[in-house]
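Structure first, then comments.
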Amino acid sequence: MGVMRAIFLDNLEYPGEVFYWLILAMIPLFVMSYVWLSVYRDTSQINGFSLSAMVTYYFVTMIVGRLTGHSAFRLADMVNDGKVSSILLRPIGLMRFLFFESFGGRLINLIISIPPIVFVYFLIKQYITFPQSSEIIFQFLLSVVGSVLIYYSLGFTLGLISFWTLEIGSIFYFYYGLANFLGGGLIPISFFPEQFKQVLSYLPFSYIYYFPASIYLGKMSDFQIWTGILICFIWVIFINFINIKILKMGIKKYSSFGG
Amino acid sequence: MNMSVISVKGLSKYYQVHQKEPGLAGSIKSLFNRKYYDVKAVDNVSFEINEGELVGFIGPNGAGKTTTLKTLSGLLYPTKGEVSVLGHTPWKREPAFQKQFALVMGQKNQLWWDLPAMESFILNREIYEVPKARFEETLSELSDLLEVQDLLKVQVRKLSLGERMKMELIAALIHSPKVLFLDEPTIGLDVVAQKKMRDFIKAYNIKYKATIILTSHYMDDVKELCKRIIIIDKGTKLFDGDLDEIVRKFADHKLLSMVLDKELNRRQIEHLSALGGVKEYAYPKLILQVPRENSNKVAAKLLQSYPVADLNIEESALEDIVREVFTGKDVA
Amino acid sequence: MKRYLNLYSIFFKNSLIRMMENRFDFLFRAIPTTLSLCINLLVISFIFSKINAVSGWNKEELFLLLGTYNIVWGIFFGLFIQNMAKINSYISRGDLDLFLTKPINSQFYISIVNPIDFGEAATLILGLILVTRGVSILNIDLNLIQVVTYVMIILSAVTLAYSLWFITMTFSFWIGRVYGLHEAFISFFEINKYPSDIFNGLIKNVFVYFLPLGVMVTFPTKFLLGKLDPILMIWGIVSGFGFLYISHLFWNFSLERYSSASS
C-alpha cells in the first residue's frame, strides 16, 4: 500500500507527465473511431459490427490495454545488475513478486486514467454500448483477468531471453506490435481472412483483446465464452510452466558464472 | 601592470524555489497554490582576477561556487551586479567570447563513443573555427603533454577510463582557450589520475599563461595548484587571498606531531586533554592540536614529562582551517 | 550559413563512420520495420475486404498514403530521433549547459549532436517502393517538375515534423523530466497513417491548420493523386517553415527563462 501511495504522489509531482501518458492511450481509439465513422457513412453493418459496436470495441480495448503489462525489462535489469541471486532460490516466488509489482503499477495506471476515460466516454456516449446482463459482465471480467495473465506471461517469456542476450529492447518492439495486431487491438479478428483466423485460433493472442471485447459486445454464445475462458487459462498455465522451466535454466546458467 | 581578465562586482543571484508541504494533502494543495521562497545562491560577491592566475574557489556543497562559475560562463543571468570576462559580458554569449574560454565540468562526456577521438577534435575545431595550423600545433602539444599521441585514431570506447579522460580534456581545450573554468576536475578519479590531472592543469597554466578558476572540495587540488584562493559559503565571499595568508590568519591552532617511545598510561592520556585536543593517537604516533600562542610552551612541557622520542611543530591541516572559516569565524 | 553546412557535413560524416562500425545493427533494423509495414498493410487490406472506400479513398490510394508516411517517417526519424530522445534528459540533467557555452546555435547543435540513425533508411526505402508501386498501379503520370514538387512537399513535411517535435521537447524547460514524451509524439505522428479526410469539422481544421499534422502525409499524397488544392499546397510548404520559426522563438524564449531562473 505504501508503494502505491508513493507512486501516486510521484505522479502528482509532474501532472504534465500523467497527462501525456493518457493522451497516448487515447489516440488509437480516436483515430480508429474516425476511420470507422467515415466508413459507416454509407452502411450500418459491416461484418456483423454496427458502428456502435465498433467504437465500443476500441473503447473496451483501450481500457483493457491500461491493465495489460509485463515485467520483462525489470527482469532484464535484475539479470544485468546481478540482483536475481537475492530471490534466486524460489523461481515461483520471483515470478509472483514481479507480477504483483507490474500489476500493481498497471492498476494505479487505470485508476489515474479514470477521469479522462470518463471524459472521453461522455464525448462518445452515443456510440458506447453496455452489456445486457450481469452474467456477461462477470464473464467479461474473467476474460480480462485471462488477458492480463496471458499478455504478462508471454512478455515474461520474452524477458527470459535476457539471461542469454543483452538486446531485448528491439525484440520488444516486435512483441508490442505483434501482440497488438494478433490480439485484435488494431482491428477485430473477425476481419481477418479465414486461414489467418484458423491459425490464430491455435495461438493465445486472441485472448488479449478480441476475446474480452467480443464477450462484452455480446457476440459470443455461452458455450463459446466458457470454452474460451477455459482454453485461455490452459494457455496461461502452459506458458507459465514453460517460463518456470526456462527461468530455472537461466538461474542455473547464471549461478554457474560464480554469481 | 596586469589588466584584470575577470572582473566581478557585486554579483548576486537569487532564485525562487517552490515550497511544498509533505504528504498527499500537501501535493494537492501545491497544484493550486504554489508558495515560493527566495534562495540567495550568490550574494554580493566581488573579485578581480588577472591574466595567468590560477585561482581556487572552495566552499561546501551549495555554497555558490558552481553558480558563480556558471555566471562567468554565461549560462546564468545574475540578479544583480556586473561581470566582465576578457572584456565581454558573459551572458550575452557572444561567439567572440565563447571562442576564448572553456568550461569543463567534472565527468561530463562529450566524445562520440564509436568514433576515434580525433573526429571529435575535428568537430570542435570547426565549431570554434580554429585555424588549421593552430589546431595542429595545439593538438600535438596537448597530446604530448598528456602522452596520448598514439591513441588519437583509436575508438573512444576502446580506451581506458584514464585515456578517455585525457581525450575529453583535449577536446575541451583544442581551441586553446585563454580562460578555463574547471568545475570539480578531479571528482571521481583515483589518486593517480587526480595527480595527473593536477600536473596537467599546472603545466597548462604555465605554458599557455591561461587564467584558470577551479572549484573543488578536495583540499589537495587547491594546495597543489592555487596560490590564491577564494572561499565562498552560503553565497558570500568569506576570504580572498593567498593560501599562506589563510594559514597565518585563521590557523589559531598548530599541530604537535610526535613519535613516542613508550605507551602512555591512563593518567598521562587524561592529562593530554588539558594541554590540547588529541587529533590522533595510534602508538607510537601522537598528534596534538594546541592554540598557536601556546605551542612552544606545550611542546616544552611534553618533552619534559612525556616519553617523546621526536616532536615536530606543524601548521594545522588546511582542511581544518577552512572548516573553521566556514563555521563562522570572524573574517575581518 | 556556409559554416553550418560545413558543421553538418562533419556530423553526417561522423554518423556514416559510426554506421560502418555497426553494420549488422543496421541490417537488423530492417526486420522490425518490415514487420511494422506488413501489419499496417494487412490492417488496411482487412478493412477493405469488407468495404470499398474510406472517406473517398480506395485501397490502393491508402497504400500510397502509407508509402508517403514511411518516406516522411524514414527521413524525419532517421535524421533526428537520436537527438529528440535525448533533449529532455539534456535539459533536466544540466548537460545542456555544455552546449550553451559553445559558439554554435544551441537549437541546431542539440538537434544534430547525436548520430543519424541510418537504420531508418530501411523505412525510407520501403516507403519509396510502396509509392513507386502505387504510382504505377494508379496510372499516375508524373513529369519531372511534379516529382521535384513532391520532394519539396516531403521536405517541408519533415521540417514541420521536426518543428512540432522540437516545440514539444522544449516544454521540458517548463515541466521537467517527462517520461513518454517521445512515445506520445510517435502516437500523434501515427495519426498520419490515415488521410486527414477521415476527420470533419473542427477537428479537421485543427489538424490541417492549427497543429498541422494532417499536412505532413496527406498533402504530399494528395498531390500525387492530383487532388491537392494549390492554395493548400502553399500552406503545406509555408507551415513547415512557419513552425520552424516558431520553434526557434520558443526555444530562445525558454532558454532565457532557464538562464534567469535556474541555478
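Each chain in the C-alpha cells gets a letter, A, B, ..., in the order shown, and its residues are numbered from 1; ligands are numbered from 1 in order too.
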
Within 7 Å of chain B, which residues of chain C are there when counting only C-alpha atoms? Please give them as a PyMOL selection string. chain C and resi 7+10+18+97+100-104+259-261+263

Let me see the file: selected residues, N, CA and C atoms, as a short mmCIF file (atom, residue, chain, number, x, y, z; two decimals), in the first residue's frame.
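Printed below is part_21.cif as written:
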```cif
data_model
loop_
_atom_site.label_atom_id
_atom_site.label_comp_id
_atom_site.auth_asym_id
_atom_site.auth_seq_id
_atom_site.Cartn_x
_atom_site.Cartn_y
_atom_site.Cartn_z
N LEU C 7 29.57 22.29 -40.76
CA LEU C 7 29.38 21.57 -39.50
C LEU C 7 28.50 20.35 -39.72
N ILE C 10 30.18 17.48 -41.26
CA ILE C 10 31.04 16.73 -40.35
C ILE C 10 30.21 15.75 -39.53
N ARG C 18 30.17 5.91 -37.93
CA ARG C 18 29.60 5.14 -36.86
C ARG C 18 28.74 4.01 -37.39
N ASP C 97 24.04 22.71 -20.49
CA ASP C 97 24.99 23.79 -20.22
C ASP C 97 26.23 23.69 -21.08
N LEU C 100 25.59 25.18 -24.36
CA LEU C 100 25.37 26.62 -24.37
C LEU C 100 26.66 27.42 -24.33
N THR C 101 27.74 26.79 -23.86
CA THR C 101 28.99 27.56 -23.80
C THR C 101 29.72 27.54 -25.13
N LYS C 102 29.21 26.80 -26.09
CA LYS C 102 29.89 26.73 -27.38
C LYS C 102 29.37 27.78 -28.34
N PRO C 103 30.27 28.28 -29.19
CA PRO C 103 29.86 29.32 -30.15
C PRO C 103 29.10 28.74 -31.33
N ILE C 104 27.98 28.10 -31.02
CA ILE C 104 27.19 27.49 -32.08
C ILE C 104 25.74 27.56 -31.65
N SER C 259 17.91 30.52 -18.11
CA SER C 259 19.13 31.17 -17.65
C SER C 259 18.89 32.12 -16.51
N SER C 260 17.68 32.64 -16.41
CA SER C 260 17.47 33.54 -15.28
C SER C 260 16.91 32.84 -14.08
N ALA C 261 16.24 31.72 -14.31
CA ALA C 261 15.55 31.12 -13.17
C ALA C 261 16.23 29.93 -12.56
N SER C 263 19.58 27.30 -11.33
CA SER C 263 20.80 27.51 -10.56
C SER C 263 21.89 26.59 -11.04
#
```

Please report as an MDAnalysis selection string which residues of chain C come no farther than 6 Å from chain A, using only C-alpha atoms. chainID C and resid 46 54:55 178 184 198

Save out the residues we just selected, C-alpha atoms, as a PDB file, in the first residue's frame.
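Output contents, as saved in again.pdb:
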```
ATOM      1  CA  PHE C  46      -8.602  -6.450 -43.915  1.00  0.00           C
ATOM      2  CA  VAL C  54     -12.670   5.232 -46.536  1.00  0.00           C
ATOM      3  CA  SER C  55     -13.619   8.886 -46.894  1.00  0.00           C
ATOM      4  CA  VAL C 178       8.886  13.764 -18.547  1.00  0.00           C
ATOM      5  CA  ALA C 184       3.379  10.498 -27.112  1.00  0.00           C
ATOM      6  CA  ILE C 198     -11.467  11.000 -42.067  1.00  0.00           C
TER       7      ILE C 198
END
```

Name the residues of range 2-154 of chain B that come out as alpha helix (DSSP H) in a backbone DSSP run; write them as a PDB file with C-alpha atoms, in the first residue's frame.
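Printed below is states-v3.pdb as written:
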```pdb
ATOM      1  CA  GLY B  23       2.043  14.299   2.243  1.00  0.00           C
ATOM      2  CA  LEU B  24      -0.891  13.839  -0.056  1.00  0.00           C
ATOM      3  CA  ALA B  25      -2.730  16.954   1.118  1.00  0.00           C
ATOM      4  CA  GLY B  26       0.394  18.998   0.503  1.00  0.00           C
ATOM      5  CA  SER B  27       0.769  17.698  -3.026  1.00  0.00           C
ATOM      6  CA  ILE B  28      -2.774  18.536  -3.953  1.00  0.00           C
ATOM      7  CA  LYS B  29      -2.543  21.949  -2.323  1.00  0.00           C
ATOM      8  CA  SER B  30       0.596  22.709  -4.280  1.00  0.00           C
ATOM      9  CA  LEU B  31      -1.214  22.036  -7.518  1.00  0.00           C
ATOM     10  CA  PHE B  32      -3.429  25.009  -6.821  1.00  0.00           C
ATOM     11  CA  LYS B  65      30.766  28.146  -6.346  1.00  0.00           C
ATOM     12  CA  THR B  66      29.131  26.444  -9.278  1.00  0.00           C
ATOM     13  CA  THR B  67      26.557  29.210  -9.626  1.00  0.00           C
ATOM     14  CA  THR B  68      29.337  31.789  -9.807  1.00  0.00           C
ATOM     15  CA  LEU B  69      31.212  29.742 -12.353  1.00  0.00           C
ATOM     16  CA  LYS B  70      28.105  29.298 -14.462  1.00  0.00           C
ATOM     17  CA  THR B  71      27.516  33.047 -14.394  1.00  0.00           C
ATOM     18  CA  LEU B  72      31.084  33.646 -15.536  1.00  0.00           C
ATOM     19  CA  PRO B  95      30.790  33.873 -30.163  1.00  0.00           C
ATOM     20  CA  ALA B  96      33.927  36.023 -29.891  1.00  0.00           C
ATOM     21  CA  PHE B  97      33.813  35.460 -26.148  1.00  0.00           C
ATOM     22  CA  GLN B  98      32.883  31.780 -26.307  1.00  0.00           C
ATOM     23  CA  ALA B 117      38.718  10.902 -30.514  1.00  0.00           C
ATOM     24  CA  MET B 118      40.325  12.641 -33.470  1.00  0.00           C
ATOM     25  CA  GLU B 119      36.928  13.036 -35.156  1.00  0.00           C
ATOM     26  CA  SER B 120      35.571  14.836 -32.116  1.00  0.00           C
ATOM     27  CA  PHE B 121      38.582  17.148 -32.133  1.00  0.00           C
ATOM     28  CA  ILE B 122      37.976  17.993 -35.771  1.00  0.00           C
ATOM     29  CA  LEU B 123      34.376  18.728 -34.916  1.00  0.00           C
ATOM     30  CA  ASN B 124      35.371  21.112 -32.164  1.00  0.00           C
ATOM     31  CA  ARG B 125      37.893  22.720 -34.447  1.00  0.00           C
ATOM     32  CA  GLU B 126      35.077  23.504 -36.804  1.00  0.00           C
ATOM     33  CA  ILE B 127      32.761  24.686 -34.050  1.00  0.00           C
ATOM     34  CA  TYR B 128      35.374  27.033 -32.632  1.00  0.00           C
ATOM     35  CA  LYS B 132      44.241  24.621 -39.247  1.00  0.00           C
ATOM     36  CA  ALA B 133      47.814  25.447 -38.326  1.00  0.00           C
ATOM     37  CA  ARG B 134      46.975  26.402 -34.787  1.00  0.00           C
ATOM     38  CA  PHE B 135      44.819  23.320 -34.477  1.00  0.00           C
ATOM     39  CA  GLU B 136      47.666  21.017 -35.471  1.00  0.00           C
ATOM     40  CA  GLU B 137      50.015  22.784 -33.108  1.00  0.00           C
ATOM     41  CA  THR B 138      47.678  22.708 -30.131  1.00  0.00           C
ATOM     42  CA  LEU B 139      46.776  19.102 -30.810  1.00  0.00           C
ATOM     43  CA  SER B 140      50.369  17.974 -30.860  1.00  0.00           C
ATOM     44  CA  GLU B 141      51.254  19.993 -27.766  1.00  0.00           C
ATOM     45  CA  LEU B 142      48.327  18.710 -25.759  1.00  0.00           C
ATOM     46  CA  SER B 143      48.724  15.128 -26.826  1.00  0.00           C
ATOM     47  CA  ASP B 144      52.407  15.301 -25.908  1.00  0.00           C
ATOM     48  CA  LEU B 145      51.593  16.803 -22.542  1.00  0.00           C
TER      49      LEU B 145
END
```

Extract, using only C-alpha atoms, all DNA, RNA and protein residues at most 12 Å from Glu135 in chain A, discarding same-chain residues fewer than 2 positions from it, and format them as number ranges by chain. A: 131-133, 137-142, 215-216, 218, 222, 225-226

Requested write-out: N, CA and C atoms of the selected residues, as a PDB file, in the first residue's frame:
```pdb
ATOM      1  N   PRO A 131     -23.142  -4.036 -21.660  1.00  0.00           N
ATOM      2  CA  PRO A 131     -23.661  -5.403 -21.675  1.00  0.00           C
ATOM      3  C   PRO A 131     -25.042  -5.470 -21.051  1.00  0.00           C
ATOM      4  N   GLN A 132     -25.819  -6.444 -21.510  1.00  0.00           N
ATOM      5  CA  GLN A 132     -27.190  -6.521 -21.052  1.00  0.00           C
ATOM      6  C   GLN A 132     -27.344  -7.198 -19.709  1.00  0.00           C
ATOM      7  N   SER A 133     -26.471  -8.135 -19.430  1.00  0.00           N
ATOM      8  CA  SER A 133     -26.701  -8.889 -18.201  1.00  0.00           C
ATOM      9  C   SER A 133     -25.471  -8.888 -17.315  1.00  0.00           C
ATOM     10  N   ILE A 137     -21.144  -9.436 -17.710  1.00  0.00           N
ATOM     11  CA  ILE A 137     -20.110  -8.610 -17.054  1.00  0.00           C
ATOM     12  C   ILE A 137     -19.131  -9.495 -16.299  1.00  0.00           C
ATOM     13  N   PHE A 138     -19.680 -10.477 -15.619  1.00  0.00           N
ATOM     14  CA  PHE A 138     -18.827 -11.388 -14.870  1.00  0.00           C
ATOM     15  C   PHE A 138     -17.889 -12.140 -15.822  1.00  0.00           C
ATOM     16  N   GLN A 139     -18.432 -12.638 -16.915  1.00  0.00           N
ATOM     17  CA  GLN A 139     -17.615 -13.371 -17.882  1.00  0.00           C
ATOM     18  C   GLN A 139     -16.557 -12.452 -18.487  1.00  0.00           C
ATOM     19  N   PHE A 140     -17.000 -11.216 -18.734  1.00  0.00           N
ATOM     20  CA  PHE A 140     -16.057 -10.249 -19.287  1.00  0.00           C
ATOM     21  C   PHE A 140     -14.879 -10.046 -18.335  1.00  0.00           C
ATOM     22  N   LEU A 141     -15.192  -9.828 -17.068  1.00  0.00           N
ATOM     23  CA  LEU A 141     -14.120  -9.600 -16.097  1.00  0.00           C
ATOM     24  C   LEU A 141     -13.180 -10.792 -16.010  1.00  0.00           C
ATOM     25  N   LEU A 142     -13.742 -11.979 -16.050  1.00  0.00           N
ATOM     26  CA  LEU A 142     -12.910 -13.179 -16.045  1.00  0.00           C
ATOM     27  C   LEU A 142     -11.974 -13.175 -17.250  1.00  0.00           C
ATOM     28  N   ILE A 215     -16.839 -10.711 -25.872  1.00  0.00           N
ATOM     29  CA  ILE A 215     -17.760 -11.089 -24.786  1.00  0.00           C
ATOM     30  C   ILE A 215     -18.567  -9.870 -24.381  1.00  0.00           C
ATOM     31  N   TYR A 216     -17.860  -8.775 -24.182  1.00  0.00           N
ATOM     32  CA  TYR A 216     -18.503  -7.528 -23.760  1.00  0.00           C
ATOM     33  C   TYR A 216     -19.613  -7.135 -24.726  1.00  0.00           C
ATOM     34  N   GLY A 218     -21.357  -8.989 -26.452  1.00  0.00           N
ATOM     35  CA  GLY A 218     -22.424  -9.980 -26.548  1.00  0.00           C
ATOM     36  C   GLY A 218     -22.375 -10.775 -27.836  1.00  0.00           C
ATOM     37  N   ASP A 222     -22.791 -18.523 -24.829  1.00  0.00           N
ATOM     38  CA  ASP A 222     -22.323 -19.017 -23.536  1.00  0.00           C
ATOM     39  C   ASP A 222     -21.260 -20.093 -23.691  1.00  0.00           C
ATOM     40  N   ILE A 225     -18.037 -18.741 -24.850  1.00  0.00           N
ATOM     41  CA  ILE A 225     -17.378 -17.979 -23.784  1.00  0.00           C
ATOM     42  C   ILE A 225     -16.689 -18.907 -22.798  1.00  0.00           C
ATOM     43  N   TRP A 226     -17.442 -19.895 -22.315  1.00  0.00           N
ATOM     44  CA  TRP A 226     -16.838 -20.746 -21.286  1.00  0.00           C
ATOM     45  C   TRP A 226     -15.711 -21.599 -21.822  1.00  0.00           C
TER      46      TRP A 226
END
```

For Val83 in chain B, work out the shell of residues within 7 Å, counting only C-alpha atoms and skipping chain neighbours fewer than 5 positions away, then give it as a PDB file with C-alpha atoms, in the first residue's frame.
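Output file out11.pdb is given in full below:
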```
ATOM      1  CA  SER B   7      36.104  41.264 -13.095  1.00  0.00           C
ATOM      2  CA  VAL B   8      33.151  40.632 -10.815  1.00  0.00           C
ATOM      3  CA  LYS B   9      31.390  43.432  -8.935  1.00  0.00           C
ATOM      4  CA  THR B  89      29.609  40.310 -20.658  1.00  0.00           C
TER       5      THR B  89
END
```

Can you tell me, as a short mmCIF file (atom, residue, chain, number, x, y, z; two decimals) with C-alpha atoms, in the first residue's frame, what residues are no more than 12 Å from Ile231 in chain A when counting only C-alpha atoms, ignoring any on the same chain fewer than 5 positions away?
```cif
data_model
loop_
_atom_site.label_atom_id
_atom_site.label_comp_id
_atom_site.auth_asym_id
_atom_site.auth_seq_id
_atom_site.Cartn_x
_atom_site.Cartn_y
_atom_site.Cartn_z
CA SER A 143 -11.70 -12.84 -19.60
CA GLY A 146 -7.14 -14.05 -18.55
CA SER A 147 -6.00 -11.33 -20.95
CA ILE A 150 -1.58 -14.07 -20.98
CA SER A 201 -7.24 -20.00 -33.08
CA TYR A 202 -4.32 -22.22 -32.18
CA LEU A 203 -2.44 -19.32 -30.61
CA PRO A 204 -3.02 -17.47 -27.36
CA PHE A 205 -3.07 -13.94 -28.80
CA SER A 206 -6.76 -13.58 -29.48
CA TYR A 207 -7.43 -13.72 -25.76
CA PHE A 211 -11.93 -12.30 -26.81
CA GLN A 224 -18.05 -20.18 -26.78
CA ILE A 225 -17.38 -17.98 -23.78
CA TRP A 226 -16.84 -20.75 -21.29
CA VAL A 236 -1.75 -19.33 -19.02
CA ILE A 237 -0.78 -22.48 -17.16
CA PHE A 238 1.09 -23.87 -20.14
#
```

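Residues with any atom within 12 Å of Ser136 in chain C, counting only C-alpha atoms and excluding same-chain neighbours fewer than 3 positions away, are C:Glu60, C:Glu61, C:Leu64, C:Ile129, C:Leu130, C:Val131, C:Thr132, C:Arg133, C:Asn139, C:Ile140, C:Asp141, C:Leu142, C:Leu224, C:Leu225.
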
In Å, how far is it from CA of Ile154 in chain C to CA of Phe188 in chain C? 18.0 Å

Test item, strand (DSSP E or B) assignment across range 88-268 of chain B, answer as a ChimeraX atom specification: /B:88,101-105,116,155,179-183,211-215,228-233,236-242,253-260

Keeping only N, CA and C atoms, take the residues you just selected and write them out as a compact mmCIF listing (two decimals), in the first residue's frame.
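See out-v8.txt below for the written result:
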```txt
# COMPACT_ATOMS: atom_id res chain seq x y z
N HIS B 88 34.21 40.92 -22.10
CA HIS B 88 32.84 40.64 -22.56
C HIS B 88 31.90 40.42 -21.39
N PHE B 101 37.09 30.85 -24.14
CA PHE B 101 37.13 30.20 -22.84
C PHE B 101 36.60 28.77 -22.97
N ALA B 102 36.84 28.02 -21.91
CA ALA B 102 36.31 26.66 -21.88
C ALA B 102 35.77 26.37 -20.49
N LEU B 103 34.65 25.70 -20.44
CA LEU B 103 34.09 25.25 -19.17
C LEU B 103 34.19 23.73 -19.14
N VAL B 104 34.86 23.21 -18.14
CA VAL B 104 34.98 21.76 -18.04
C VAL B 104 34.33 21.33 -16.74
N MET B 105 33.31 20.52 -16.84
CA MET B 105 32.58 20.11 -15.64
C MET B 105 32.79 18.64 -15.33
N PRO B 116 36.88 7.51 -33.33
CA PRO B 116 38.16 7.89 -32.75
C PRO B 116 38.05 9.31 -32.20
N GLN B 155 39.25 4.20 -31.39
CA GLN B 155 37.88 4.48 -30.98
C GLN B 155 37.80 4.73 -29.48
N VAL B 179 40.91 31.40 -21.02
CA VAL B 179 40.32 31.32 -19.69
C VAL B 179 39.70 29.93 -19.53
N LEU B 180 39.97 29.35 -18.37
CA LEU B 180 39.49 28.00 -18.13
C LEU B 180 38.66 27.98 -16.85
N PHE B 181 37.48 27.43 -16.93
CA PHE B 181 36.70 27.23 -15.72
C PHE B 181 36.60 25.73 -15.47
N LEU B 182 37.18 25.28 -14.40
CA LEU B 182 37.18 23.85 -14.12
C LEU B 182 36.31 23.57 -12.91
N ASP B 183 35.21 22.88 -13.12
CA ASP B 183 34.31 22.58 -12.03
C ASP B 183 34.55 21.15 -11.55
N THR B 211 44.34 31.81 -17.72
CA THR B 211 43.74 32.19 -16.45
C THR B 211 42.77 31.08 -16.06
N ILE B 212 42.96 30.53 -14.90
CA ILE B 212 42.18 29.35 -14.54
C ILE B 212 41.48 29.53 -13.20
N ILE B 213 40.20 29.25 -13.21
CA ILE B 213 39.47 29.18 -11.94
C ILE B 213 39.06 27.74 -11.75
N LEU B 214 39.41 27.19 -10.59
CA LEU B 214 38.93 25.84 -10.38
C LEU B 214 38.15 25.73 -9.07
N THR B 215 37.07 24.99 -9.14
CA THR B 215 36.32 24.74 -7.91
C THR B 215 36.58 23.30 -7.51
N ARG B 228 46.30 31.46 -4.91
CA ARG B 228 45.26 32.31 -4.37
C ARG B 228 43.96 31.52 -4.27
N ILE B 229 43.30 31.68 -3.14
CA ILE B 229 42.01 31.01 -3.05
C ILE B 229 40.92 31.98 -2.60
N ILE B 230 39.72 31.67 -3.07
CA ILE B 230 38.55 32.44 -2.67
C ILE B 230 37.62 31.47 -1.98
N ILE B 231 37.25 31.79 -0.76
CA ILE B 231 36.36 30.91 -0.02
C ILE B 231 34.94 31.46 -0.08
N ILE B 232 34.06 30.61 -0.53
CA ILE B 232 32.66 31.02 -0.65
C ILE B 232 31.80 30.11 0.19
N ASP B 233 30.93 30.71 0.98
CA ASP B 233 30.00 29.88 1.73
C ASP B 233 28.66 30.60 1.83
N THR B 236 28.25 33.93 0.04
CA THR B 236 29.07 35.12 0.26
C THR B 236 30.55 34.77 0.24
N LYS B 237 31.34 35.77 -0.09
CA LYS B 237 32.79 35.56 -0.15
C LYS B 237 33.34 35.74 1.26
N LEU B 238 33.96 34.70 1.77
CA LEU B 238 34.50 34.79 3.12
C LEU B 238 35.96 35.20 3.15
N PHE B 239 36.65 34.85 2.09
CA PHE B 239 38.09 35.12 2.08
C PHE B 239 38.59 35.16 0.66
N ASP B 240 39.51 36.05 0.39
CA ASP B 240 40.10 36.14 -0.94
C ASP B 240 41.55 36.52 -0.77
N GLY B 241 42.45 35.58 -0.95
CA GLY B 241 43.86 35.93 -0.79
C GLY B 241 44.75 34.73 -0.97
N ASP B 242 45.98 34.89 -0.61
CA ASP B 242 46.95 33.81 -0.76
C ASP B 242 46.71 32.70 0.24
N HIS B 253 45.40 27.29 15.54
CA HIS B 253 45.98 26.10 16.17
C HIS B 253 47.20 25.65 15.39
N LYS B 254 48.09 25.02 16.12
CA LYS B 254 49.20 24.35 15.45
C LYS B 254 49.13 22.89 15.84
N LEU B 255 49.83 22.08 15.08
CA LEU B 255 49.82 20.65 15.39
C LEU B 255 51.18 20.24 15.94
N LEU B 256 51.13 19.52 17.05
CA LEU B 256 52.36 18.95 17.57
C LEU B 256 52.35 17.48 17.20
N SER B 257 53.26 17.14 16.32
CA SER B 257 53.27 15.78 15.80
C SER B 257 54.42 15.03 16.45
N MET B 258 54.08 13.98 17.20
CA MET B 258 55.12 13.31 18.00
C MET B 258 55.23 11.83 17.73
N VAL B 259 56.44 11.33 17.95
CA VAL B 259 56.67 9.88 17.97
C VAL B 259 57.05 9.51 19.39
N LEU B 260 56.28 8.60 19.97
CA LEU B 260 56.55 8.22 21.36
C LEU B 260 57.41 6.98 21.42
```

Got a sec: who's within 12 Å of Gly119 in chain C, counting only C-alpha atoms, leaving out chain neighbours fewer than 6 positions off, as a VMD selection string? chain C and resid 15 to 16 18 to 20 22 to 34 73 to 75 77 to 79 81 to 82 125

For a test of reading the model, state the distance in Å between CA of Ala53 in chain A and CA of Tyr175 in chain A, rounded to one decimal. 27.2 Å

Among the residues A:Phe241, A:Tyr58, A:Phe49, A:Tyr127, the one that comes closest to Thr157 in chain A [using only C-alpha atoms]: A:Phe241
